[in-house]
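Novice: structure.cif is reproduced in full below (mmCIF, C-alpha atoms and all ligand atoms).
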data_entry
loop_
_atom_site.label_atom_id
_atom_site.label_comp_id
_atom_site.auth_asym_id
_atom_site.auth_seq_id
_atom_site.Cartn_x
_atom_site.Cartn_y
_atom_site.Cartn_z
CA MET L 1 96.15 -126.61 -73.73
CA GLN L 2 96.42 -126.62 -69.97
CA VAL L 3 94.75 -128.92 -67.45
CA ILE L 4 93.74 -127.14 -64.24
CA ASN L 5 92.69 -129.11 -61.17
CA ASN L 6 92.44 -126.41 -58.57
CA PRO L 7 89.26 -124.27 -58.48
CA LYS L 8 91.02 -121.16 -57.14
CA GLN L 9 93.72 -121.40 -59.82
CA MET L 10 91.04 -121.77 -62.51
CA GLN L 11 89.16 -118.75 -61.17
CA ASP L 12 92.29 -116.57 -60.97
CA LEU L 13 93.17 -117.53 -64.53
CA THR L 14 89.80 -116.77 -66.10
CA LEU L 15 89.38 -113.56 -64.09
CA SER L 16 92.73 -112.28 -65.35
CA LEU L 17 91.89 -113.32 -68.94
CA LYS L 18 88.60 -111.43 -68.65
CA LYS L 19 90.46 -108.34 -67.42
CA GLU L 20 92.44 -108.52 -70.68
CA GLY L 21 89.09 -108.37 -72.49
CA LYS L 22 88.96 -112.03 -73.51
CA ARG L 23 85.54 -113.67 -73.98
CA ILE L 24 85.31 -116.97 -72.15
CA GLY L 25 83.24 -119.85 -73.53
CA PHE L 26 82.48 -122.77 -71.23
CA VAL L 27 81.38 -126.36 -71.88
CA PRO L 28 80.59 -128.31 -68.69
CA THR L 29 80.75 -132.10 -69.11
CA MET L 30 81.10 -135.32 -67.17
CA GLY L 31 83.73 -136.51 -69.65
CA TYR L 32 83.89 -139.61 -71.85
CA LEU L 33 83.51 -137.14 -74.67
CA HIS L 34 81.68 -137.84 -77.92
CA GLU L 35 80.59 -135.84 -80.96
CA GLY L 36 77.75 -134.28 -78.92
CA HIS L 37 80.25 -132.72 -76.53
CA LEU L 38 82.57 -131.79 -79.38
CA SER L 39 79.76 -129.92 -81.14
CA LEU L 40 79.39 -127.72 -78.03
CA ILE L 41 83.14 -127.15 -77.97
CA ARG L 42 83.07 -126.12 -81.64
CA CYS L 43 80.26 -123.62 -80.95
CA SER L 44 82.25 -122.17 -78.08
CA LYS L 45 85.42 -121.93 -80.18
CA LYS L 46 83.55 -119.96 -82.83
CA GLU L 47 82.01 -117.45 -80.44
CA ASN L 48 84.74 -116.88 -77.83
CA ASP L 49 88.45 -116.11 -77.45
CA ILE L 50 89.04 -118.82 -74.85
CA THR L 51 87.26 -122.16 -74.43
CA VAL L 52 87.17 -123.96 -71.09
CA VAL L 53 85.84 -127.53 -70.85
CA SER L 54 85.15 -128.97 -67.41
CA ILE L 55 85.27 -132.70 -66.78
CA PHE L 56 83.70 -133.65 -63.48
CA VAL L 57 81.47 -136.62 -62.69
CA ASN L 58 79.35 -134.86 -60.11
CA PRO L 59 78.26 -137.32 -57.39
CA LEU L 60 75.59 -134.88 -56.20
CA GLN L 61 73.44 -135.48 -59.27
CA PHE L 62 73.45 -139.29 -59.01
CA GLY L 63 70.84 -141.14 -56.96
CA LYS L 64 71.74 -143.96 -54.54
CA ASN L 65 71.02 -146.74 -57.01
CA GLU L 66 72.33 -144.97 -60.08
CA ASP L 67 75.49 -145.52 -62.11
CA LEU L 68 77.99 -143.17 -60.39
CA ASP L 69 80.58 -145.89 -59.82
CA LYS L 70 80.42 -147.39 -63.28
CA TYR L 71 80.01 -144.09 -65.16
CA PRO L 72 82.51 -144.30 -68.06
CA ARG L 73 85.74 -142.36 -67.57
CA ASP L 74 88.83 -141.96 -69.78
CA PHE L 75 90.64 -138.74 -69.05
CA GLU L 76 93.57 -139.38 -71.41
CA ARG L 77 91.21 -139.93 -74.33
CA ASP L 78 89.20 -136.82 -73.40
CA LYS L 79 92.40 -134.79 -73.19
CA THR L 80 93.45 -135.85 -76.69
CA LEU L 81 90.00 -134.98 -78.09
CA CYS L 82 90.02 -131.55 -76.41
CA GLN L 83 93.50 -130.84 -77.69
CA LYS L 84 92.43 -131.71 -81.25
CA GLU L 85 89.50 -129.30 -80.96
CA GLY L 86 91.75 -126.48 -79.78
CA VAL L 87 90.37 -126.26 -76.24
CA ASP L 88 92.41 -123.80 -74.14
CA PHE L 89 91.78 -125.17 -70.65
CA ILE L 90 90.37 -128.36 -69.18
CA PHE L 91 89.07 -127.84 -65.66
CA TYR L 92 89.38 -131.27 -64.02
CA PRO L 93 88.78 -130.88 -60.30
CA ASP L 94 88.86 -133.43 -57.52
CA TYR L 95 85.72 -134.21 -55.56
CA LYS L 96 87.37 -132.99 -52.35
CA ASP L 97 88.12 -129.59 -53.88
CA MET L 98 84.56 -129.15 -55.18
CA TYR L 99 82.89 -130.36 -51.99
CA PRO L 100 85.36 -129.94 -49.12
CA GLU L 101 84.48 -131.16 -45.66
CA GLY L 102 81.66 -129.11 -44.21
CA TYR L 103 80.11 -128.36 -47.60
CA GLN L 104 76.40 -127.53 -47.12
CA THR L 105 75.14 -125.14 -49.78
CA TYR L 106 72.71 -126.12 -52.53
CA VAL L 107 70.65 -124.34 -55.15
CA GLU L 108 67.35 -125.59 -56.46
CA VAL L 109 65.11 -124.48 -59.33
CA VAL L 110 61.90 -125.58 -57.69
CA GLU L 111 59.21 -125.99 -60.35
CA LEU L 112 61.16 -126.85 -63.51
CA SER L 113 63.00 -129.58 -61.61
CA LYS L 114 59.68 -131.39 -61.15
CA GLY L 115 58.13 -133.64 -63.78
CA LEU L 116 59.89 -135.62 -66.53
CA CYS L 117 63.29 -136.82 -65.20
CA GLY L 118 62.69 -134.92 -61.94
CA ASP L 119 59.98 -137.41 -61.00
CA PHE L 120 62.27 -140.39 -61.45
CA ARG L 121 65.56 -138.95 -60.23
CA PRO L 122 64.85 -137.17 -56.94
CA GLY L 123 67.55 -134.62 -56.14
CA HIS L 124 69.13 -134.93 -59.59
CA PHE L 125 68.49 -131.38 -60.78
CA LYS L 126 69.41 -129.93 -57.39
CA GLY L 127 72.79 -131.65 -57.87
CA VAL L 128 73.05 -130.29 -61.40
CA THR L 129 72.20 -126.69 -60.55
CA THR L 130 74.49 -126.72 -57.52
CA VAL L 131 77.50 -127.93 -59.49
CA VAL L 132 76.77 -125.71 -62.50
CA LEU L 133 76.47 -122.62 -60.30
CA LYS L 134 79.79 -123.53 -58.66
CA LEU L 135 81.38 -124.09 -62.07
CA PHE L 136 80.03 -120.75 -63.32
CA ASN L 137 81.56 -119.03 -60.28
CA ILE L 138 84.89 -120.79 -60.85
CA VAL L 139 85.13 -120.39 -64.64
CA CYS L 140 83.33 -117.00 -64.88
CA PRO L 141 82.23 -117.64 -68.48
CA ASP L 142 80.60 -115.11 -70.79
CA ASN L 143 78.89 -117.92 -72.68
CA ALA L 144 78.04 -121.45 -71.54
CA TYR L 145 77.01 -124.24 -73.92
CA PHE L 146 74.54 -127.00 -73.12
CA GLY L 147 72.98 -129.69 -75.31
CA LYS L 148 69.25 -129.93 -75.98
CA LYS L 149 69.71 -133.67 -75.49
CA ASP L 150 69.22 -132.93 -71.78
CA TYR L 151 66.34 -130.61 -72.48
CA GLN L 152 65.00 -130.30 -68.94
CA GLN L 153 68.52 -129.64 -67.67
CA LEU L 154 68.89 -126.80 -70.18
CA LYS L 155 65.59 -125.21 -69.08
CA VAL L 156 66.49 -125.58 -65.39
CA ILE L 157 69.86 -123.89 -65.94
CA GLU L 158 68.35 -121.08 -68.02
CA ARG L 159 65.90 -120.44 -65.17
CA MET L 160 68.64 -120.48 -62.53
CA VAL L 161 70.67 -117.96 -64.52
CA LYS L 162 67.64 -115.69 -64.88
CA ASP L 163 66.46 -116.02 -61.28
CA LEU L 164 69.92 -115.45 -59.77
CA ASN L 165 71.00 -112.68 -62.22
CA LEU L 166 74.08 -114.64 -63.24
CA PRO L 167 76.25 -112.78 -65.78
CA VAL L 168 76.39 -115.61 -68.31
CA ASN L 169 74.60 -116.37 -71.59
CA VAL L 170 73.29 -119.91 -71.76
CA ILE L 171 73.30 -121.32 -75.27
CA GLY L 172 71.31 -124.45 -76.12
CA CYS L 173 72.82 -126.54 -78.93
CA PRO L 174 71.15 -129.15 -81.19
CA ILE L 175 71.14 -132.87 -80.36
CA VAL L 176 73.91 -134.75 -82.17
CA ARG L 177 72.88 -138.23 -83.32
CA GLU L 178 74.60 -141.30 -84.70
CA PRO L 179 73.91 -141.81 -88.42
CA ASP L 180 71.10 -144.23 -87.49
CA GLY L 181 69.41 -141.68 -85.23
CA LEU L 182 70.55 -142.77 -81.77
CA ALA L 183 71.22 -139.66 -79.68
CA MET L 184 74.88 -139.64 -78.66
CA SER L 185 75.46 -140.22 -74.98
CA SER L 186 78.35 -141.37 -72.82
CA ARG L 187 75.92 -143.99 -71.49
CA ASN L 188 75.63 -145.57 -74.96
CA SER L 189 78.93 -147.27 -74.10
CA TYR L 190 76.95 -149.51 -71.71
CA LEU L 191 74.91 -150.96 -74.59
CA SER L 192 75.59 -154.36 -76.16
CA LYS L 193 74.97 -154.70 -79.90
CA GLU L 194 71.46 -156.07 -79.25
CA GLU L 195 70.67 -153.37 -76.70
CA ARG L 196 71.86 -150.68 -79.07
CA ASP L 197 69.55 -152.07 -81.79
CA SER L 198 66.69 -151.84 -79.31
CA ALA L 199 67.66 -148.26 -78.37
CA LEU L 200 67.03 -147.21 -81.99
CA PHE L 201 63.28 -147.55 -81.34
CA ILE L 202 63.45 -144.47 -79.09
CA TYR L 203 64.22 -142.07 -81.93
CA LYS L 204 61.95 -144.04 -84.27
CA GLY L 205 59.14 -143.42 -81.77
CA LEU L 206 59.88 -139.71 -81.57
CA ILE L 207 59.91 -139.47 -85.37
CA GLU L 208 56.57 -141.31 -85.58
CA GLY L 209 55.11 -138.86 -83.05
CA LYS L 210 56.37 -135.87 -84.98
CA LYS L 211 55.09 -137.33 -88.28
CA LEU L 212 51.63 -137.83 -86.79
CA PHE L 213 51.62 -134.21 -85.55
CA GLU L 214 52.71 -132.98 -88.96
CA SER L 215 49.92 -134.96 -90.62
CA GLY L 216 47.44 -132.86 -88.63
CA GLU L 217 46.93 -134.76 -85.35
CA LYS L 218 46.95 -132.31 -82.44
CA ASN L 219 45.66 -134.60 -79.68
CA SER L 220 48.64 -135.06 -77.40
CA LYS L 221 47.33 -138.41 -76.12
CA LYS L 222 47.23 -139.85 -79.65
CA ILE L 223 50.71 -138.55 -80.42
CA LYS L 224 52.12 -140.04 -77.21
CA GLU L 225 50.39 -143.35 -77.99
CA ILE L 226 52.18 -143.78 -81.29
CA VAL L 227 55.52 -142.94 -79.63
CA ILE L 228 54.87 -145.52 -76.90
CA ASP L 229 53.66 -148.18 -79.36
CA THR L 230 56.80 -147.73 -81.46
CA ILE L 231 59.16 -147.85 -78.47
CA LYS L 232 57.39 -150.98 -77.20
CA LYS L 233 58.61 -152.79 -80.32
CA ALA L 234 62.16 -152.67 -78.93
CA PRO L 235 62.97 -156.31 -78.02
CA LEU L 236 65.14 -155.40 -75.02
CA LEU L 237 62.95 -152.64 -73.63
CA LYS L 238 62.71 -153.00 -69.86
CA GLU L 239 60.67 -149.95 -68.92
CA ILE L 240 59.27 -146.75 -70.36
CA GLN L 241 59.63 -144.23 -67.52
CA TYR L 242 57.80 -141.49 -69.36
CA VAL L 243 56.70 -140.26 -72.74
CA GLU L 244 55.47 -136.68 -72.35
CA LEU L 245 54.45 -133.93 -74.71
CA VAL L 246 55.29 -130.65 -73.00
CA ASP L 247 55.45 -126.92 -73.55
CA LYS L 248 58.98 -125.98 -74.61
CA SER L 249 59.37 -123.31 -71.89
CA SER L 250 57.27 -124.35 -68.89
CA LEU L 251 57.73 -128.12 -69.49
CA LYS L 252 54.09 -128.53 -68.47
CA PRO L 253 52.25 -131.41 -70.22
CA LYS L 254 49.97 -130.29 -73.05
CA GLU L 255 46.60 -131.70 -74.10
CA THR L 256 46.71 -130.07 -77.50
CA ALA L 257 50.01 -130.17 -79.32
CA GLU L 258 51.43 -127.08 -80.99
CA LYS L 259 54.46 -126.41 -83.15
CA GLY L 260 57.49 -125.93 -80.90
CA ASP L 261 56.29 -128.35 -78.21
CA ILE L 262 58.69 -131.06 -77.07
CA ILE L 263 58.12 -134.80 -76.91
CA ALA L 264 60.47 -136.09 -74.21
CA VAL L 265 61.11 -139.71 -73.27
CA ALA L 266 63.09 -141.74 -70.76
CA VAL L 267 63.38 -145.50 -71.12
CA TYR L 268 65.37 -148.36 -69.78
CA ILE L 269 66.91 -150.65 -72.38
CA GLU L 270 67.83 -153.51 -70.04
CA ASN L 271 69.86 -151.73 -67.33
CA THR L 272 70.68 -148.58 -69.25
CA ARG L 273 68.54 -145.48 -68.81
CA LEU L 274 68.36 -143.40 -71.98
CA ILE L 275 66.65 -140.06 -72.60
CA ASP L 276 65.81 -138.30 -75.84
CA ASN L 277 63.47 -135.65 -77.16
CA ILE L 278 62.26 -134.00 -80.32
CA GLU L 279 60.77 -130.59 -81.10
CA LEU L 280 57.49 -130.55 -83.00
P1 LIG L 301 77.26 -134.91 -69.99
O1 LIG L 301 78.73 -135.15 -70.10
O2 LIG L 301 76.43 -136.08 -70.39
O3 LIG L 301 76.87 -134.31 -68.66
O4 LIG L 301 76.92 -133.81 -71.07
C1 LIG L 301 77.60 -132.57 -71.09
C2 LIG L 301 76.90 -131.66 -72.06
O5 LIG L 301 76.88 -132.25 -73.35
C3 LIG L 301 75.43 -131.39 -71.68
O6 LIG L 301 75.13 -130.03 -71.95
C4 LIG L 301 74.69 -132.29 -72.60
O7 LIG L 301 73.38 -131.87 -72.90
C5 LIG L 301 75.57 -132.24 -73.84
N1 LIG L 301 75.31 -133.40 -74.69
C6 LIG L 301 75.35 -134.71 -74.34
N2 LIG L 301 74.99 -135.49 -75.37
C7 LIG L 301 74.69 -134.67 -76.40
C8 LIG L 301 74.25 -134.86 -77.74
N3 LIG L 301 74.02 -136.07 -78.24
N4 LIG L 301 74.06 -133.77 -78.51
C9 LIG L 301 74.27 -132.54 -78.03
N5 LIG L 301 74.69 -132.28 -76.77
C10 LIG L 301 74.90 -133.33 -75.97
#
Represent the structure from my file as structure tokens, please.
Specialist:
Amino acid sequence: MQVINNPKQMQDLTLSLKKEGKRIGFVPTMGYLHEGHLSLIRCSKKENDITVVSIFVNPLQFGKNEDLDKYPRDFERDKTLCQKEGVDFIFYPDYKDMYPEGYQTYVEVVELSKGLCGDFRPGHFKGVTTVVLKLFNIVCPDNAYFGKKDYQQLKVIERMVKDLNLPVNVIGCPIVREPDGLAMSSRNSYLSKEERDSALFIYKGLIEGKKLFESGEKNSKKIKEIVIDTIKKAPLLKEIQYVELVDKSSLKPKETAEKGDIIAVAVYIENTRLIDNIEL
């Protein structure tokens, strides 16, 4: 396994591997890897000749009052995990090489970036699409793997790829959870024992919503209510930012729930913002 810092070197490498006929799989991450990330790496390993993992905490996608500075980082640990999984290259660029002085180009998926997290994190998805487009141009992957954990992000990236005719397949992978249901996230490392116990109510809420739908309730308002009521039982809940029931493609809120729709939530457990979702 090789660690590459320089974007041009990474690009030269993957372009020459592609000329040899190698299929490149790509897993973009912000590091502090967990089983969720590793599941994407395993998918890529299965379906490609070469797997590239990027580790880059992208400042562009963090708001002013968000957790950029305290975002968990442990490159040595990440490196060991990638090596164990048989990753071929880690792309680990410096901020100054991704956004050199004078940088001024951005890409935005206008409609899908609105609503859900877009309403609470202005500029977030613009930061995500900009860095992912750059990473796609640097790594030149045939296949790129994203988790459904960040469901809106996945939809935004799929749209960008379609709208800009990018030569990459985007593959959405299932949410990996802890045995007790908590969706894995690098941000879970912020949680104390008590906060983590409270965070369990998020998935409990989603399950209650899905159960109600499966028992025949199609009124989206009623389904959202049971999700909210369940999450409100979390002792250390600070805020529910949203609980929405949306169409799986357009992400538009639905009045009548149908199979395949998504219930998506964002909550603050004390100072930690957590997101999760479930497919009906
Ligand atoms: P991040 O490092 O948080 O930016 O995540 C990098 C990639 O891993 C994104 O495509 C995420 O959706 C994905 N990911 C994060 N957590 C999970 C999870 N629990 N299950 C599946 N994929 C995940």
Novice: Hey, can you check how far atom CA of Arg177 of chain L sits from atom CA of Ser113 of chain L?
Specialist: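 According to the coordinates, atom CA of Arg177 of chain L and atom CA of Ser113 of chain L are separated by 25.4 Å.
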Novice: One number please: atom CA of Ile207 of chain L to atom N3 of ligand LIG 301 (chain L), in Å, one decimal.
Specialist: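 We find that atom CA of Ile207 of chain L and atom N3 of ligand LIG 301 (chain L) lie 16.2 Å from each other.
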Novice: Just want the residues within 10 Å of ligand LIG 301 (chain L), written as a ChimeraX atom specification, counting all atoms listed in the file.
Specialist: /L:27-41,53-58,128,144-154,171-178,182-187,275-276
Novice: In Å to one decimal, how far is atom CA of Glu255 of chain L from atom CA of Lys204 of chain L?
Specialist: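 Rounded to one decimal, the two atoms are 22.2 Å apart.
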Novice: Taking into account only C-alpha atoms, which residue in the set L:Lys8, L:Arg23, L:Lys84, L:Arg273 is nearest to Tyr190 of chain L?
Specialist: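 Among the listed residues, the smallest separation from Tyr190 of chain L belongs to L:Arg273.
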Novice: Of the residues L:Thr230, L:Gln61, L:Asn137, L:Ser250, which is the one nearest to Arg159 of chain L, using only C-alpha atoms?
Specialist: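 Checking each candidate against Arg159 of chain L, we get L:Ser250 as the closest.
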Novice: Skipping near chain neighbours, those fewer than 2 positions away, what residues fall within 12 Å of Asn271 of chain L using only C-alpha atoms, listed as a ChimeraX atom specification?
Specialist: /L:65-67,187-188,190-192,195-196,199,236-239,267-269,273-274
